[in-house]
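Visitor: Contents are compact mmCIF, N, CA and C atoms; file name run_23.txt:
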# COMPACT_ATOMS: atom_id res chain seq x y z
N MET A 103 -3.96 18.49 13.96
CA MET A 103 -4.47 17.14 14.06
C MET A 103 -5.95 17.17 13.73
N VAL A 104 -6.37 16.22 12.94
CA VAL A 104 -7.77 16.11 12.54
C VAL A 104 -8.23 14.70 12.87
N GLY A 105 -9.41 14.57 13.40
CA GLY A 105 -9.96 13.26 13.72
C GLY A 105 -11.12 12.92 12.81
N MET A 106 -11.26 11.63 12.58
CA MET A 106 -12.39 11.14 11.78
C MET A 106 -12.84 9.83 12.39
N GLY A 107 -14.01 9.81 12.91
CA GLY A 107 -14.53 8.60 13.53
C GLY A 107 -15.34 7.77 12.56
N GLY A 108 -15.97 6.75 13.10
CA GLY A 108 -16.88 5.95 12.30
C GLY A 108 -16.32 4.63 11.83
N PHE A 109 -15.03 4.36 12.08
CA PHE A 109 -14.40 3.14 11.57
C PHE A 109 -14.57 1.93 12.49
N ASP A 110 -15.14 2.09 13.66
CA ASP A 110 -15.31 0.97 14.58
C ASP A 110 -16.56 0.20 14.18
N LEU A 111 -16.45 -0.47 13.06
CA LEU A 111 -17.61 -1.07 12.40
C LEU A 111 -17.86 -2.51 12.82
N HIS A 112 -18.39 -2.66 14.01
CA HIS A 112 -18.83 -3.99 14.45
C HIS A 112 -20.09 -4.38 13.67
N ASP A 113 -20.76 -3.39 13.12
CA ASP A 113 -21.95 -3.60 12.30
C ASP A 113 -21.88 -2.68 11.08
N PHE A 114 -22.57 -3.05 10.03
CA PHE A 114 -22.74 -2.24 8.82
C PHE A 114 -21.45 -2.01 8.03
N LEU A 115 -20.43 -2.84 8.24
CA LEU A 115 -19.14 -2.66 7.57
C LEU A 115 -19.26 -2.62 6.05
N PRO A 116 -19.95 -3.58 5.40
CA PRO A 116 -19.99 -3.55 3.93
C PRO A 116 -20.62 -2.28 3.36
N ASN A 117 -21.55 -1.70 4.08
CA ASN A 117 -22.23 -0.50 3.58
C ASN A 117 -21.50 0.78 3.92
N GLN A 118 -20.86 0.85 5.09
CA GLN A 118 -20.30 2.11 5.56
C GLN A 118 -18.81 2.28 5.27
N HIS A 119 -18.06 1.20 5.23
CA HIS A 119 -16.61 1.32 5.09
C HIS A 119 -16.17 1.97 3.77
N PRO A 120 -16.73 1.58 2.62
CA PRO A 120 -16.31 2.23 1.36
C PRO A 120 -16.49 3.75 1.39
N ALA A 121 -17.59 4.23 1.93
CA ALA A 121 -17.83 5.68 1.98
C ALA A 121 -16.84 6.38 2.91
N LEU A 122 -16.49 5.72 4.02
CA LEU A 122 -15.50 6.30 4.94
C LEU A 122 -14.14 6.41 4.27
N LEU A 123 -13.73 5.37 3.55
CA LEU A 123 -12.44 5.41 2.85
C LEU A 123 -12.44 6.48 1.76
N GLN A 124 -13.56 6.65 1.07
CA GLN A 124 -13.65 7.70 0.04
C GLN A 124 -13.54 9.08 0.68
N LYS A 125 -14.20 9.28 1.80
CA LYS A 125 -14.14 10.57 2.50
C LYS A 125 -12.71 10.86 2.96
N LEU A 126 -12.04 9.85 3.51
CA LEU A 126 -10.65 10.01 3.95
C LEU A 126 -9.74 10.32 2.77
N SER A 127 -9.90 9.58 1.69
CA SER A 127 -9.08 9.78 0.49
C SER A 127 -9.24 11.19 -0.07
N THR A 128 -10.48 11.63 -0.18
CA THR A 128 -10.76 12.97 -0.70
C THR A 128 -10.15 14.05 0.19
N ALA A 129 -10.31 13.90 1.51
CA ALA A 129 -9.79 14.91 2.43
C ALA A 129 -8.27 14.98 2.38
N MET A 130 -7.62 13.82 2.35
CA MET A 130 -6.15 13.84 2.31
C MET A 130 -5.63 14.41 0.99
N LYS A 131 -6.28 14.06 -0.11
CA LYS A 131 -5.85 14.60 -1.40
C LYS A 131 -6.04 16.11 -1.46
N GLU A 132 -7.18 16.59 -1.00
CA GLU A 132 -7.43 18.03 -1.03
C GLU A 132 -6.44 18.79 -0.14
N PHE A 133 -6.12 18.24 1.02
CA PHE A 133 -5.14 18.88 1.89
C PHE A 133 -3.77 18.90 1.23
N ASP A 134 -3.37 17.77 0.65
CA ASP A 134 -2.07 17.70 -0.03
C ASP A 134 -2.03 18.66 -1.22
N ASP A 135 -3.10 18.72 -1.99
CA ASP A 135 -3.16 19.67 -3.11
C ASP A 135 -3.03 21.11 -2.62
N ALA A 136 -3.67 21.43 -1.50
CA ALA A 136 -3.60 22.80 -0.96
C ALA A 136 -2.18 23.12 -0.51
N MET A 137 -1.52 22.19 0.16
CA MET A 137 -0.14 22.42 0.61
C MET A 137 0.80 22.59 -0.58
N THR A 138 0.59 21.79 -1.61
CA THR A 138 1.41 21.91 -2.82
C THR A 138 1.19 23.25 -3.50
N SER A 139 -0.07 23.69 -3.60
CA SER A 139 -0.36 24.97 -4.26
C SER A 139 0.20 26.15 -3.48
N LEU A 140 0.38 25.99 -2.18
CA LEU A 140 0.98 27.05 -1.34
C LEU A 140 2.50 26.97 -1.33
N GLY A 141 3.06 25.98 -2.04
CA GLY A 141 4.51 25.80 -2.07
C GLY A 141 5.06 25.17 -0.79
N LYS A 142 4.21 24.52 -0.02
CA LYS A 142 4.61 23.92 1.26
C LYS A 142 4.61 22.39 1.22
N GLY A 143 4.43 21.82 0.06
CA GLY A 143 4.30 20.37 -0.06
C GLY A 143 5.44 19.58 0.54
N SER A 144 6.67 20.05 0.38
CA SER A 144 7.81 19.30 0.92
C SER A 144 8.03 19.59 2.41
N GLN A 145 7.28 20.54 2.96
CA GLN A 145 7.42 20.88 4.38
C GLN A 145 6.31 20.29 5.25
N VAL A 146 5.38 19.58 4.62
CA VAL A 146 4.23 19.03 5.34
C VAL A 146 4.15 17.53 5.07
N THR A 147 4.03 16.77 6.14
CA THR A 147 3.80 15.32 6.02
C THR A 147 2.50 15.00 6.73
N SER A 148 1.62 14.31 6.04
CA SER A 148 0.34 13.90 6.61
C SER A 148 0.35 12.39 6.76
N PHE A 149 -0.32 11.91 7.78
CA PHE A 149 -0.39 10.46 7.96
C PHE A 149 -1.66 10.09 8.71
N THR A 150 -2.08 8.85 8.52
CA THR A 150 -3.21 8.33 9.26
C THR A 150 -2.69 7.54 10.45
N ALA A 151 -3.50 7.45 11.47
CA ALA A 151 -3.14 6.67 12.66
C ALA A 151 -4.41 6.09 13.25
N SER A 152 -4.29 4.88 13.74
CA SER A 152 -5.41 4.21 14.40
C SER A 152 -4.85 3.31 15.48
N ASP A 153 -5.63 3.09 16.51
CA ASP A 153 -5.15 2.25 17.59
C ASP A 153 -5.47 0.77 17.40
N PHE A 154 -6.13 0.41 16.31
CA PHE A 154 -6.40 -1.00 16.06
C PHE A 154 -6.77 -1.24 14.61
N GLY A 155 -6.66 -2.49 14.20
CA GLY A 155 -7.12 -2.91 12.88
C GLY A 155 -8.45 -3.64 13.04
N ARG A 156 -8.80 -4.43 12.05
CA ARG A 156 -10.04 -5.21 12.08
C ARG A 156 -9.69 -6.67 11.82
N THR A 157 -10.55 -7.56 12.27
CA THR A 157 -10.36 -8.99 12.02
C THR A 157 -10.79 -9.35 10.60
N LEU A 158 -10.28 -10.48 10.12
CA LEU A 158 -10.70 -10.98 8.82
C LEU A 158 -12.07 -11.64 8.89
N THR A 159 -12.43 -12.13 10.07
CA THR A 159 -13.71 -12.81 10.21
C THR A 159 -14.83 -11.81 10.43
N SER A 160 -16.00 -12.22 10.04
CA SER A 160 -17.19 -11.39 10.23
C SER A 160 -17.87 -11.78 11.53
N ASN A 161 -18.44 -10.80 12.18
CA ASN A 161 -19.26 -11.08 13.36
C ASN A 161 -20.74 -11.03 12.99
N GLY A 162 -21.01 -11.06 11.71
CA GLY A 162 -22.38 -11.00 11.19
C GLY A 162 -22.51 -9.93 10.13
N ASP A 163 -22.25 -8.68 10.51
CA ASP A 163 -22.36 -7.57 9.57
C ASP A 163 -21.20 -6.59 9.72
N GLY A 164 -20.16 -7.04 10.40
CA GLY A 164 -18.99 -6.19 10.62
C GLY A 164 -17.81 -7.06 10.99
N SER A 165 -16.87 -6.49 11.73
CA SER A 165 -15.73 -7.26 12.22
C SER A 165 -15.31 -6.70 13.57
N ASP A 166 -14.52 -7.49 14.27
CA ASP A 166 -14.10 -7.09 15.61
C ASP A 166 -12.72 -6.47 15.56
N HIS A 167 -12.23 -6.03 16.71
CA HIS A 167 -10.93 -5.38 16.79
C HIS A 167 -9.82 -6.38 16.48
N GLY A 168 -8.87 -5.94 15.67
CA GLY A 168 -7.73 -6.77 15.32
C GLY A 168 -6.43 -6.06 15.63
N TRP A 169 -5.35 -6.56 15.07
CA TRP A 169 -4.02 -6.00 15.33
C TRP A 169 -3.46 -5.28 14.11
N GLY A 170 -3.26 -5.99 13.04
CA GLY A 170 -2.63 -5.40 11.85
C GLY A 170 -3.55 -4.41 11.16
N SER A 171 -2.95 -3.38 10.59
CA SER A 171 -3.74 -2.39 9.86
C SER A 171 -2.83 -1.67 8.87
N HIS A 172 -3.41 -0.80 8.09
CA HIS A 172 -2.68 -0.01 7.11
C HIS A 172 -2.70 1.45 7.53
N HIS A 173 -1.64 2.16 7.17
CA HIS A 173 -1.58 3.59 7.42
C HIS A 173 -1.09 4.27 6.14
N PHE A 174 -1.53 5.49 5.93
CA PHE A 174 -1.10 6.27 4.79
C PHE A 174 -0.16 7.36 5.27
N VAL A 175 0.94 7.57 4.54
CA VAL A 175 1.88 8.65 4.82
C VAL A 175 2.09 9.37 3.50
N MET A 176 1.91 10.69 3.49
CA MET A 176 2.04 11.43 2.24
C MET A 176 2.59 12.82 2.47
N GLY A 177 3.21 13.35 1.44
CA GLY A 177 3.79 14.67 1.46
C GLY A 177 5.00 14.70 0.55
N GLY A 178 5.47 15.89 0.24
CA GLY A 178 6.57 16.04 -0.70
C GLY A 178 7.87 15.41 -0.26
N ALA A 179 8.09 15.24 1.04
CA ALA A 179 9.33 14.65 1.54
C ALA A 179 9.26 13.13 1.62
N VAL A 180 8.07 12.57 1.42
CA VAL A 180 7.87 11.12 1.54
C VAL A 180 8.36 10.43 0.27
N ASP A 181 9.10 9.35 0.46
CA ASP A 181 9.52 8.50 -0.66
C ASP A 181 8.35 7.59 -0.98
N GLY A 182 7.40 8.12 -1.71
CA GLY A 182 6.09 7.50 -1.88
C GLY A 182 5.98 6.42 -2.92
N GLY A 183 4.75 5.97 -3.05
CA GLY A 183 4.43 4.93 -4.02
C GLY A 183 4.91 3.56 -3.60
N LYS A 184 5.14 3.36 -2.32
CA LYS A 184 5.68 2.09 -1.83
C LYS A 184 4.79 1.52 -0.74
N PHE A 185 4.92 0.22 -0.58
CA PHE A 185 4.28 -0.49 0.52
C PHE A 185 5.38 -0.85 1.49
N PHE A 186 5.31 -0.38 2.71
CA PHE A 186 6.33 -0.67 3.71
C PHE A 186 5.83 -1.78 4.62
N GLY A 187 6.71 -2.68 4.97
CA GLY A 187 6.31 -3.84 5.74
C GLY A 187 6.12 -5.01 4.80
N THR A 188 5.58 -6.08 5.31
CA THR A 188 5.34 -7.28 4.51
C THR A 188 3.85 -7.56 4.51
N ALA A 189 3.28 -7.66 3.35
CA ALA A 189 1.85 -7.97 3.27
C ALA A 189 1.63 -9.39 3.78
N PRO A 190 0.66 -9.57 4.65
CA PRO A 190 0.41 -10.90 5.20
C PRO A 190 -0.32 -11.80 4.20
N GLU A 191 -0.17 -13.07 4.39
CA GLU A 191 -1.01 -14.02 3.67
C GLU A 191 -2.41 -13.87 4.26
N ILE A 192 -3.39 -13.80 3.41
CA ILE A 192 -4.75 -13.63 3.88
C ILE A 192 -5.41 -15.00 3.98
N GLY A 193 -5.82 -15.35 5.16
CA GLY A 193 -6.49 -16.63 5.38
C GLY A 193 -6.61 -16.93 6.86
N LEU A 194 -7.59 -17.73 7.19
CA LEU A 194 -7.87 -18.01 8.59
C LEU A 194 -7.11 -19.21 9.13
N THR A 195 -6.43 -19.94 8.25
CA THR A 195 -5.69 -21.13 8.69
C THR A 195 -4.20 -20.90 8.58
N HIS A 196 -3.82 -19.71 8.62
CA HIS A 196 -2.47 -19.28 8.34
C HIS A 196 -1.71 -18.90 9.59
N ASN A 197 -0.40 -19.04 9.61
CA ASN A 197 0.36 -18.73 10.82
C ASN A 197 0.59 -17.24 11.06
N GLN A 198 0.11 -16.37 10.18
CA GLN A 198 0.23 -14.93 10.40
C GLN A 198 -1.03 -14.34 11.02
N GLN A 199 -1.89 -15.21 11.51
CA GLN A 199 -3.07 -14.74 12.25
C GLN A 199 -3.16 -15.57 13.52
N VAL A 200 -3.72 -14.97 14.54
CA VAL A 200 -3.72 -15.61 15.85
C VAL A 200 -5.12 -15.92 16.36
N GLY A 201 -6.02 -16.16 15.46
CA GLY A 201 -7.39 -16.49 15.82
C GLY A 201 -8.36 -15.42 15.38
N SER A 202 -9.48 -15.86 14.86
CA SER A 202 -10.54 -14.95 14.36
C SER A 202 -10.03 -14.00 13.29
N GLY A 203 -8.93 -14.36 12.62
CA GLY A 203 -8.40 -13.51 11.56
C GLY A 203 -7.70 -12.27 12.07
N ARG A 204 -7.17 -12.31 13.29
CA ARG A 204 -6.38 -11.19 13.80
C ARG A 204 -4.96 -11.33 13.26
N LEU A 205 -4.60 -10.46 12.33
CA LEU A 205 -3.31 -10.52 11.65
C LEU A 205 -2.19 -9.99 12.54
N ILE A 206 -1.05 -10.65 12.49
CA ILE A 206 0.14 -10.19 13.20
C ILE A 206 0.86 -9.20 12.29
N PRO A 207 1.00 -7.95 12.69
CA PRO A 207 1.66 -6.97 11.83
C PRO A 207 3.15 -7.26 11.66
N SER A 208 3.69 -6.96 10.50
CA SER A 208 5.13 -7.12 10.27
C SER A 208 5.90 -5.88 10.68
N THR A 209 5.20 -4.78 10.83
CA THR A 209 5.82 -3.50 11.16
C THR A 209 5.05 -2.89 12.32
N ALA A 210 5.77 -2.49 13.35
CA ALA A 210 5.12 -1.90 14.52
C ALA A 210 4.77 -0.44 14.26
N VAL A 211 3.68 0.00 14.83
CA VAL A 211 3.31 1.40 14.72
C VAL A 211 4.41 2.29 15.33
N ASP A 212 5.17 1.72 16.27
CA ASP A 212 6.29 2.47 16.86
C ASP A 212 7.39 2.73 15.82
N GLN A 213 7.58 1.82 14.88
CA GLN A 213 8.57 2.03 13.83
C GLN A 213 8.12 3.17 12.91
N LEU A 214 6.85 3.17 12.55
CA LEU A 214 6.30 4.26 11.76
C LEU A 214 6.39 5.56 12.55
N GLY A 215 6.01 5.51 13.82
CA GLY A 215 6.05 6.70 14.67
C GLY A 215 7.44 7.27 14.84
N ALA A 216 8.44 6.40 14.96
CA ALA A 216 9.83 6.87 15.14
C ALA A 216 10.32 7.63 13.92
N GLU A 217 10.01 7.14 12.73
CA GLU A 217 10.44 7.85 11.52
C GLU A 217 9.70 9.17 11.36
N LEU A 218 8.40 9.17 11.66
CA LEU A 218 7.65 10.43 11.60
C LEU A 218 8.18 11.41 12.65
N ALA A 219 8.43 10.93 13.85
CA ALA A 219 8.95 11.80 14.91
C ALA A 219 10.29 12.40 14.51
N ALA A 220 11.17 11.59 13.93
CA ALA A 220 12.47 12.10 13.49
C ALA A 220 12.29 13.20 12.44
N TRP A 221 11.37 12.99 11.50
CA TRP A 221 11.12 14.00 10.47
C TRP A 221 10.60 15.29 11.10
N PHE A 222 9.80 15.16 12.17
CA PHE A 222 9.27 16.32 12.85
C PHE A 222 10.28 16.95 13.81
N GLY A 223 11.48 16.35 13.92
CA GLY A 223 12.55 16.95 14.71
C GLY A 223 12.79 16.34 16.09
N VAL A 224 12.14 15.25 16.40
CA VAL A 224 12.35 14.59 17.69
C VAL A 224 13.67 13.81 17.63
N SER A 225 14.53 14.00 18.61
CA SER A 225 15.84 13.32 18.61
C SER A 225 15.67 11.83 18.88
N ALA A 226 16.67 11.04 18.51
CA ALA A 226 16.66 9.60 18.75
C ALA A 226 16.57 9.30 20.24
N THR A 227 17.13 10.16 21.07
CA THR A 227 17.05 9.98 22.53
C THR A 227 15.62 10.24 23.01
N ASP A 228 15.02 11.32 22.53
CA ASP A 228 13.68 11.69 22.98
C ASP A 228 12.59 10.79 22.42
N VAL A 229 12.85 10.10 21.31
CA VAL A 229 11.81 9.24 20.73
C VAL A 229 11.43 8.14 21.71
N LYS A 230 12.35 7.75 22.59
CA LYS A 230 12.05 6.70 23.57
C LYS A 230 11.09 7.21 24.65
N THR A 231 11.04 8.53 24.83
CA THR A 231 10.06 9.12 25.74
C THR A 231 8.72 9.25 25.03
N VAL A 232 8.77 9.69 23.79
CA VAL A 232 7.55 9.86 23.00
C VAL A 232 6.89 8.51 22.70
N LEU A 233 7.72 7.51 22.40
CA LEU A 233 7.23 6.17 22.08
C LEU A 233 7.89 5.16 23.02
N PRO A 234 7.32 4.95 24.20
CA PRO A 234 7.97 4.10 25.21
C PRO A 234 8.24 2.66 24.75
N ASN A 235 7.46 2.14 23.82
CA ASN A 235 7.68 0.77 23.33
C ASN A 235 8.71 0.70 22.21
N ALA A 236 9.23 1.84 21.78
CA ALA A 236 10.18 1.87 20.66
C ALA A 236 11.43 1.03 20.94
N LYS A 237 11.80 0.89 22.19
CA LYS A 237 12.99 0.11 22.54
C LYS A 237 12.87 -1.36 22.11
N ASN A 238 11.65 -1.80 21.83
CA ASN A 238 11.41 -3.19 21.45
C ASN A 238 11.55 -3.44 19.95
N PHE A 239 11.83 -2.40 19.16
CA PHE A 239 11.80 -2.54 17.71
C PHE A 239 13.04 -1.95 17.06
N ASP A 240 13.34 -2.46 15.88
CA ASP A 240 14.42 -1.93 15.05
C ASP A 240 13.88 -0.66 14.38
N LEU A 241 14.39 0.48 14.78
CA LEU A 241 13.85 1.76 14.32
C LEU A 241 14.63 2.32 13.14
N TYR A 242 14.00 3.24 12.44
CA TYR A 242 14.61 4.03 11.35
C TYR A 242 15.04 3.15 10.18
N LYS A 243 14.35 2.06 9.93
CA LYS A 243 14.69 1.16 8.83
C LYS A 243 13.68 1.15 7.71
N LEU A 244 12.57 1.85 7.89
CA LEU A 244 11.52 1.82 6.87
C LEU A 244 11.93 2.61 5.63
N GLY A 245 12.58 3.74 5.84
CA GLY A 245 12.94 4.58 4.69
C GLY A 245 11.77 5.35 4.13
N LEU A 246 10.95 5.90 5.01
CA LEU A 246 9.75 6.63 4.55
C LEU A 246 10.07 7.92 3.80
N PHE A 247 11.22 8.52 4.11
CA PHE A 247 11.50 9.84 3.57
C PHE A 247 12.65 9.81 2.58
N LYS A 248 12.57 10.72 1.63
CA LYS A 248 13.64 10.85 0.62
C LYS A 248 14.93 11.25 1.30
N ALA A 249 16.02 10.74 0.79
CA ALA A 249 17.33 11.06 1.38
C ALA A 249 17.75 12.48 1.07
The structure given in the file should be rewritten as structure tokens.
Guide:
Amino acid sequence: MVGMGGFDLHDFLPNQHPALLQKLSTAMKEFDDAMTSLGKGSQVTSFTASDFGRTLTSNGDGSDHGWGSHHFVMGGAVDGGKFFGTAPEIGLTHNQQVGSGRLIPSTAVDQLGAELAAWFGVSATDVKTVLPNAKNFDLYKLGLFKA
């Protein structure tokens, strides 16, 4: 597990966010390239995780904590090149946001977590222990991995 901070951008978002995304992109690509060169590409799955998204509205020079967010999943076993979930309509007067541009996600992080856990060998029974909120969602429907 690797951590990367700096994304809690209540301030300086326009200046700092692009560089953070570039750093993340470069690190994930280099790790994936290394796993592929070692012949382990189909045995390794990498993914991003965060406990919150950002609002669409600005608080001056940044944004506040939101709900919806994006995650990256990559590796040789991933059925890649796809967008999973439903992209929200972007706008502040829209029914897919609940104030201040907090987007309602179409896909729960528990759904993503359940498919990743299954790939890592966690049984369907044990996933409810690993992800206690999983019982609230339709699991194993994303199709993240190649059949």
Visitor: Counting all atoms listed in the file, figure out which residue out of A:Ser160, A:Ser171, A:Thr188, A:Asn238 gets nearest to Ser202 (chain A).
Guide: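 Using all atoms listed in the file, the shortest distance to Ser202 (chain A) belongs to A:Ser160.
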Visitor: Could you pull the residues within 7 Å of Leu241 (chain A), counting all atoms listed in the file, minus those fewer than 6 positions along the same chain, as a PyMOL selection string?
Guide: chain A and resi 212-213+216-217
Visitor: Please measure the separation of atom N of Ala219 (chain A) and atom N of Ile206 (chain A), giving the value in Å to one decimal.
Guide: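 That distance, rounded to one decimal, is 23.6 Å.
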Visitor: Please compute the atom N of Val180 (chain A)-atom C of Val146 (chain A) distance, one decimal, in Å.
Guide: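 For atom N of Val180 (chain A) relative to atom C of Val146 (chain A), the distance reads 7.3 Å.
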Visitor: Mind checking DSSP for chain A and telling me the alpha helix (DSSP H) residues as number ranges by chain?
Guide: A: 115-139, 211-221, 229-232
Visitor: From a DSSP pass on the backbone, collect the residues of region 104-237 of chain A flagged as strand (DSSP E) and hand them back as a ChimeraX atom specification.
Guide: /A:148-149,155-156,167-168,175-176
